[in-house]
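The structure under discussion appears below in the form of structure tokens.
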Amino acid sequence: MKLTKFRVQNFKSFIDSGWIDCKEVTAVAGVNEAGKSNLLKALWKLKPAFKSDNKIVRGDLPIDRFDEIMGKNLMPEFITARFKLRPFDKEQINTQFEGLPDFNEVEVSRFLDGHYSVKFPVEIPKASLSGLSELIVKIMPGFVFYGNYGNLDSNIYLPQMIAKFNKNGVNAISKSKRRTVKLLLMYIGITPEMLACDASVLATATRTSMKISTEQLHNLVVTKERYATLLRTAGERLTREFNQWWRQGSYKFEFTFDGENLAIFVTDDRGIRAPLDDRSIGIQWFLSFFLVFTLESQLFYTNTILLLDESGMTLHGLAQKDLVRLFENLSTTNQLVYTTHSSFMLPTEQLNRIKVVYKDKDGHSLVSNDLNVNNEHTNELSLYPVKSSVGIDVSAKILNDAQTVMVVGQADQIYLNIIKNYVFTSG
């Protein structure tokens, strides 16, 4: 199912957002405290991909309508989404329910007490309505919300980290870092089971005074060579894949492992080798983000929509543009919605993908699909990143090459495009 639009009501700073159109990648712009994160969280709670996140709490209700809503016998809906059915979805429906009238869209709402409501564009027989609604909720995409990416450290003490992998009750930053380390180990090809099996063998390498037998020495050499091959291959692969997306210099990644400590080194295009911690926060963030999103979206997230809150804030402007290109790549397998207040994170080539969040005179959040919305109804500050991004794009082309031409009317643009296409095709 493909998300085409959604609407947030009665949730945190939103009384009614209005309908918000969605594409493969949707950018949500706005100033701090405009309500961007609340918008994503409401959509996330329509159907979190992980059941542990499937909770609605008192803090999700609008503060100024809390008493009114809590006093109602029937809790109102807080998120409604419209989906377009894909051929595979229709096949599942027709397999379980024969003789239904054909339909291509559905509308799903979730209420503050947790229950769902499904609306269809055609009349559904009463005998099939309940079961069909349950099936729609079941096959509806799950949502994955990201607000923290757990930057990797240069040196990771794996025995301690693995001991924490299955622990609950830790803060969000620790959980995010554990997740990133897990994915790093997967990327390298090291499993906790491997480490448990090989730890005692590898430990002999650090005990210089320990006398070992010929068999122990053989096991040590074979085990170290196996890990060295894994680390070398992973470093080469990461170097190649990372540099496909990061254009702010060329970097080489290396991993070392002594049986307990996994170390990460980065060599820049000047040949300077340094631990990951000594590189910029932007490099550290992008590496962690790259591992989390490329691996998780490929390995774990089928039929999911990714929600990214304020991604790439530590990156240079041009690196933020690289990140938007990465979003395009990820969207081939998962729809993606992200929030930002950076001009560099907005797709100027496809302005219809940008939505603006702003506050009304009463302090409630609203969303506009129209970037030309009347300033009486919106906040000029929220539109500033969009206007700025267009200005940056135009000025870059004017200053760096001759791609941009400004004309008086649309006919002039058409004539020049015809001439340009003729020149290109004729060589």
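Identifiers in this document derive from the order of the structure tokens: chains are assigned A, B, ..., residues are numbered from 1 separately in each chain, and ligands are numbered from 1 in order of occurrence.
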Subject >> range 235-395 of chain A: residues DSSP assigns to alpha helix (DSSP H), reported as a PyMOL selection string >> reply: chain A and resi 235-245+281-299+317-330+380-395
Rows by chain and residue number, range 322-378 of chain A within 8 Å of range 232-252 of chain A, shortest pair, only C-alpha atoms, as a Markdown table:
| residue | atom | partner | partner_atom | distance |
| --- | --- | --- | --- | --- |
| A:Asp322 | CA | A:Trp245 | CA | 6.1 |
| A:Leu323 | CA | A:Trp245 | CA | 7.4 |
| A:Arg325 | CA | A:Trp245 | CA | 7.6 |
| A:Leu326 | CA | A:Trp245 | CA | 6.6 |
How would the residues just picked look written out with N, CA, C and O atoms as a PDB file, in the first residue's frame?
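Dumped everything to again01.pdb:
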ATOM      1  N   ASP A 322      23.811  15.808  -0.298  1.00  0.00           N
ATOM      2  CA  ASP A 322      24.140  14.402  -0.523  1.00  0.00           C
ATOM      3  C   ASP A 322      23.158  13.495   0.210  1.00  0.00           C
ATOM      4  O   ASP A 322      22.761  12.441  -0.299  1.00  0.00           O
ATOM      5  N   LEU A 323      22.770  13.908   1.412  1.00  0.00           N
ATOM      6  CA  LEU A 323      21.834  13.121   2.212  1.00  0.00           C
ATOM      7  C   LEU A 323      20.471  13.036   1.529  1.00  0.00           C
ATOM      8  O   LEU A 323      19.830  11.982   1.521  1.00  0.00           O
ATOM      9  N   ARG A 325      19.998  13.042  -1.617  1.00  0.00           N
ATOM     10  CA  ARG A 325      20.168  12.060  -2.686  1.00  0.00           C
ATOM     11  C   ARG A 325      20.070  10.643  -2.141  1.00  0.00           C
ATOM     12  O   ARG A 325      19.508   9.753  -2.789  1.00  0.00           O
ATOM     13  N   LEU A 326      20.596  10.429  -0.941  1.00  0.00           N
ATOM     14  CA  LEU A 326      20.489   9.117  -0.313  1.00  0.00           C
ATOM     15  C   LEU A 326      19.031   8.785  -0.022  1.00  0.00           C
ATOM     16  O   LEU A 326      18.597   7.642  -0.175  1.00  0.00           O
TER      17      LEU A 326
END
**OP:** Would you mind telling me which residue in A:Val137, A:Leu217, A:Leu195, A:Leu43 lies nearest to Ala163 in chain A when using only C-alpha atoms?
**Re:** A:Leu195
Subject >> Residue nearest Asp277 in chain A among A:Ala263, A:Tyr338, A:Ser331, A:Tyr422 (counting only C-alpha atoms) >> reply: A:Ala263
Who sits within 10 Å of Val8 in chain A, only C-alpha atoms, same chain under 2 positions skipped, as a PDB file with N, CA and C atoms, in the first residue's frame:
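Dumped to out_22.pdb:
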ATOM      1  N   PHE A   6      -2.266  12.235   4.421  1.00  0.00           N
ATOM      2  CA  PHE A   6      -2.684  11.973   5.797  1.00  0.00           C
ATOM      3  C   PHE A   6      -3.118  13.275   6.472  1.00  0.00           C
ATOM      4  N   ASN A  10      -6.347  16.473  16.871  1.00  0.00           N
ATOM      5  CA  ASN A  10      -6.409  16.177  18.304  1.00  0.00           C
ATOM      6  C   ASN A  10      -5.148  15.481  18.813  1.00  0.00           C
ATOM      7  N   PHE A  11      -3.980  15.961  18.373  1.00  0.00           N
ATOM      8  CA  PHE A  11      -2.726  15.336  18.769  1.00  0.00           C
ATOM      9  C   PHE A  11      -1.692  16.409  19.061  1.00  0.00           C
ATOM     10  N   LYS A  12      -1.245  16.452  20.307  1.00  0.00           N
ATOM     11  CA  LYS A  12      -0.220  17.403  20.754  1.00  0.00           C
ATOM     12  C   LYS A  12      -0.561  18.821  20.296  1.00  0.00           C
ATOM     13  N   SER A  13       0.263  19.443  19.424  1.00  0.00           N
ATOM     14  CA  SER A  13       0.022  20.831  19.025  1.00  0.00           C
ATOM     15  C   SER A  13      -0.968  20.953  17.871  1.00  0.00           C
ATOM     16  N   PHE A  14      -1.496  19.831  17.380  1.00  0.00           N
ATOM     17  CA  PHE A  14      -2.418  19.854  16.240  1.00  0.00           C
ATOM     18  C   PHE A  14      -3.873  19.692  16.688  1.00  0.00           C
ATOM     19  N   ILE A  15      -4.711  20.627  16.270  1.00  0.00           N
ATOM     20  CA  ILE A  15      -6.151  20.435  16.355  1.00  0.00           C
ATOM     21  C   ILE A  15      -6.631  19.826  15.043  1.00  0.00           C
ATOM     22  N   ASP A  16      -6.159  20.364  13.925  1.00  0.00           N
ATOM     23  CA  ASP A  16      -6.443  19.800  12.607  1.00  0.00           C
ATOM     24  C   ASP A  16      -5.397  20.325  11.626  1.00  0.00           C
ATOM     25  N   SER A  17      -4.550  19.425  11.146  1.00  0.00           N
ATOM     26  CA  SER A  17      -3.467  19.824  10.240  1.00  0.00           C
ATOM     27  C   SER A  17      -3.972  20.120   8.839  1.00  0.00           C
ATOM     28  N   GLY A  18      -5.150  19.589   8.493  1.00  0.00           N
ATOM     29  CA  GLY A  18      -5.575  19.572   7.099  1.00  0.00           C
ATOM     30  C   GLY A  18      -4.914  18.403   6.395  1.00  0.00           C
ATOM     31  N   TRP A  19      -5.345  18.095   5.169  1.00  0.00           N
ATOM     32  CA  TRP A  19      -4.795  16.969   4.424  1.00  0.00           C
ATOM     33  C   TRP A  19      -3.413  17.309   3.878  1.00  0.00           C
ATOM     34  N   ILE A  20      -2.476  16.358   4.021  1.00  0.00           N
ATOM     35  CA  ILE A  20      -1.091  16.538   3.612  1.00  0.00           C
ATOM     36  C   ILE A  20      -0.769  15.506   2.538  1.00  0.00           C
ATOM     37  N   ASN A  38       5.871  16.537  15.968  1.00  0.00           N
ATOM     38  CA  ASN A  38       4.546  16.038  16.350  1.00  0.00           C
ATOM     39  C   ASN A  38       3.822  15.433  15.158  1.00  0.00           C
ATOM     40  N   LEU A  39       4.024  16.034  13.999  1.00  0.00           N
ATOM     41  CA  LEU A  39       3.397  15.526  12.780  1.00  0.00           C
ATOM     42  C   LEU A  39       3.877  14.103  12.486  1.00  0.00           C
ATOM     43  N   LEU A  40       5.197  13.896  12.563  1.00  0.00           N
ATOM     44  CA  LEU A  40       5.751  12.567  12.312  1.00  0.00           C
ATOM     45  C   LEU A  40       5.312  11.563  13.377  1.00  0.00           C
ATOM     46  N   LYS A  41       5.278  11.999  14.624  1.00  0.00           N
ATOM     47  CA  LYS A  41       4.919  11.068  15.706  1.00  0.00           C
ATOM     48  C   LYS A  41       3.474  10.605  15.587  1.00  0.00           C
ATOM     49  N   ALA A  42       2.585  11.499  15.153  1.00  0.00           N
ATOM     50  CA  ALA A  42       1.190  11.100  14.953  1.00  0.00           C
ATOM     51  C   ALA A  42       1.094  10.051  13.855  1.00  0.00           C
ATOM     52  N   LEU A  43       1.807  10.265  12.750  1.00  0.00           N
ATOM     53  CA  LEU A  43       1.797   9.309  11.650  1.00  0.00           C
ATOM     54  C   LEU A  43       2.416   7.984  12.085  1.00  0.00           C
ATOM     55  N   GLU A  77     -10.633  10.522  16.725  1.00  0.00           N
ATOM     56  CA  GLU A  77      -9.504  10.071  15.915  1.00  0.00           C
ATOM     57  C   GLU A  77      -8.388  11.106  15.980  1.00  0.00           C
ATOM     58  N   PHE A  78      -7.141  10.632  15.854  1.00  0.00           N
ATOM     59  CA  PHE A  78      -6.021  11.576  15.886  1.00  0.00           C
ATOM     60  C   PHE A  78      -5.171  11.499  14.614  1.00  0.00           C
ATOM     61  N   ILE A  79      -5.310  10.433  13.858  1.00  0.00           N
ATOM     62  CA  ILE A  79      -4.554  10.309  12.614  1.00  0.00           C
ATOM     63  C   ILE A  79      -5.402   9.559  11.595  1.00  0.00           C
ATOM     64  N   THR A  80      -5.460  10.099  10.398  1.00  0.00           N
ATOM     65  CA  THR A  80      -6.168   9.458   9.291  1.00  0.00           C
ATOM     66  C   THR A  80      -5.243   9.455   8.085  1.00  0.00           C
ATOM     67  N   ALA A  81      -5.174   8.331   7.385  1.00  0.00           N
ATOM     68  CA  ALA A  81      -4.285   8.223   6.227  1.00  0.00           C
ATOM     69  C   ALA A  81      -5.017   7.541   5.082  1.00  0.00           C
ATOM     70  N   SER A 109      -8.217   5.286   9.906  1.00  0.00           N
ATOM     71  CA  SER A 109      -8.090   6.225  11.029  1.00  0.00           C
ATOM     72  C   SER A 109      -7.781   5.454  12.295  1.00  0.00           C
ATOM     73  N   SER A 365      -0.689  24.014  15.486  1.00  0.00           N
ATOM     74  CA  SER A 365       0.083  23.718  14.285  1.00  0.00           C
ATOM     75  C   SER A 365      -0.829  23.432  13.101  1.00  0.00           C
ATOM     76  N   LEU A 366      -0.433  23.957  11.945  1.00  0.00           N
ATOM     77  CA  LEU A 366      -1.111  23.697  10.681  1.00  0.00           C
ATOM     78  C   LEU A 366      -0.071  23.307   9.648  1.00  0.00           C
ATOM     79  N   VAL A 367      -0.527  22.693   8.555  1.00  0.00           N
ATOM     80  CA  VAL A 367       0.367  22.283   7.475  1.00  0.00           C
ATOM     81  C   VAL A 367      -0.190  22.776   6.156  1.00  0.00           C
TER      82      VAL A 367
END
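When CA of Asn155 in chain A is paired with CA of Phe257 in chain A, their separation reads 9.6 Å.
Taking only C-alpha atoms into account, Ser389 in chain A lies nearest to A:Gln350 out of the set A:Thr314, A:Thr425, A:Asn369, A:Gln350.
Minimum atom-to-atom distances from A:Lys321, A:Arg58, A:Lys90, A:Lys2 to Asp102 in chain A were compared using only C-alpha atoms, and the lowest value belongs to A:Lys90.
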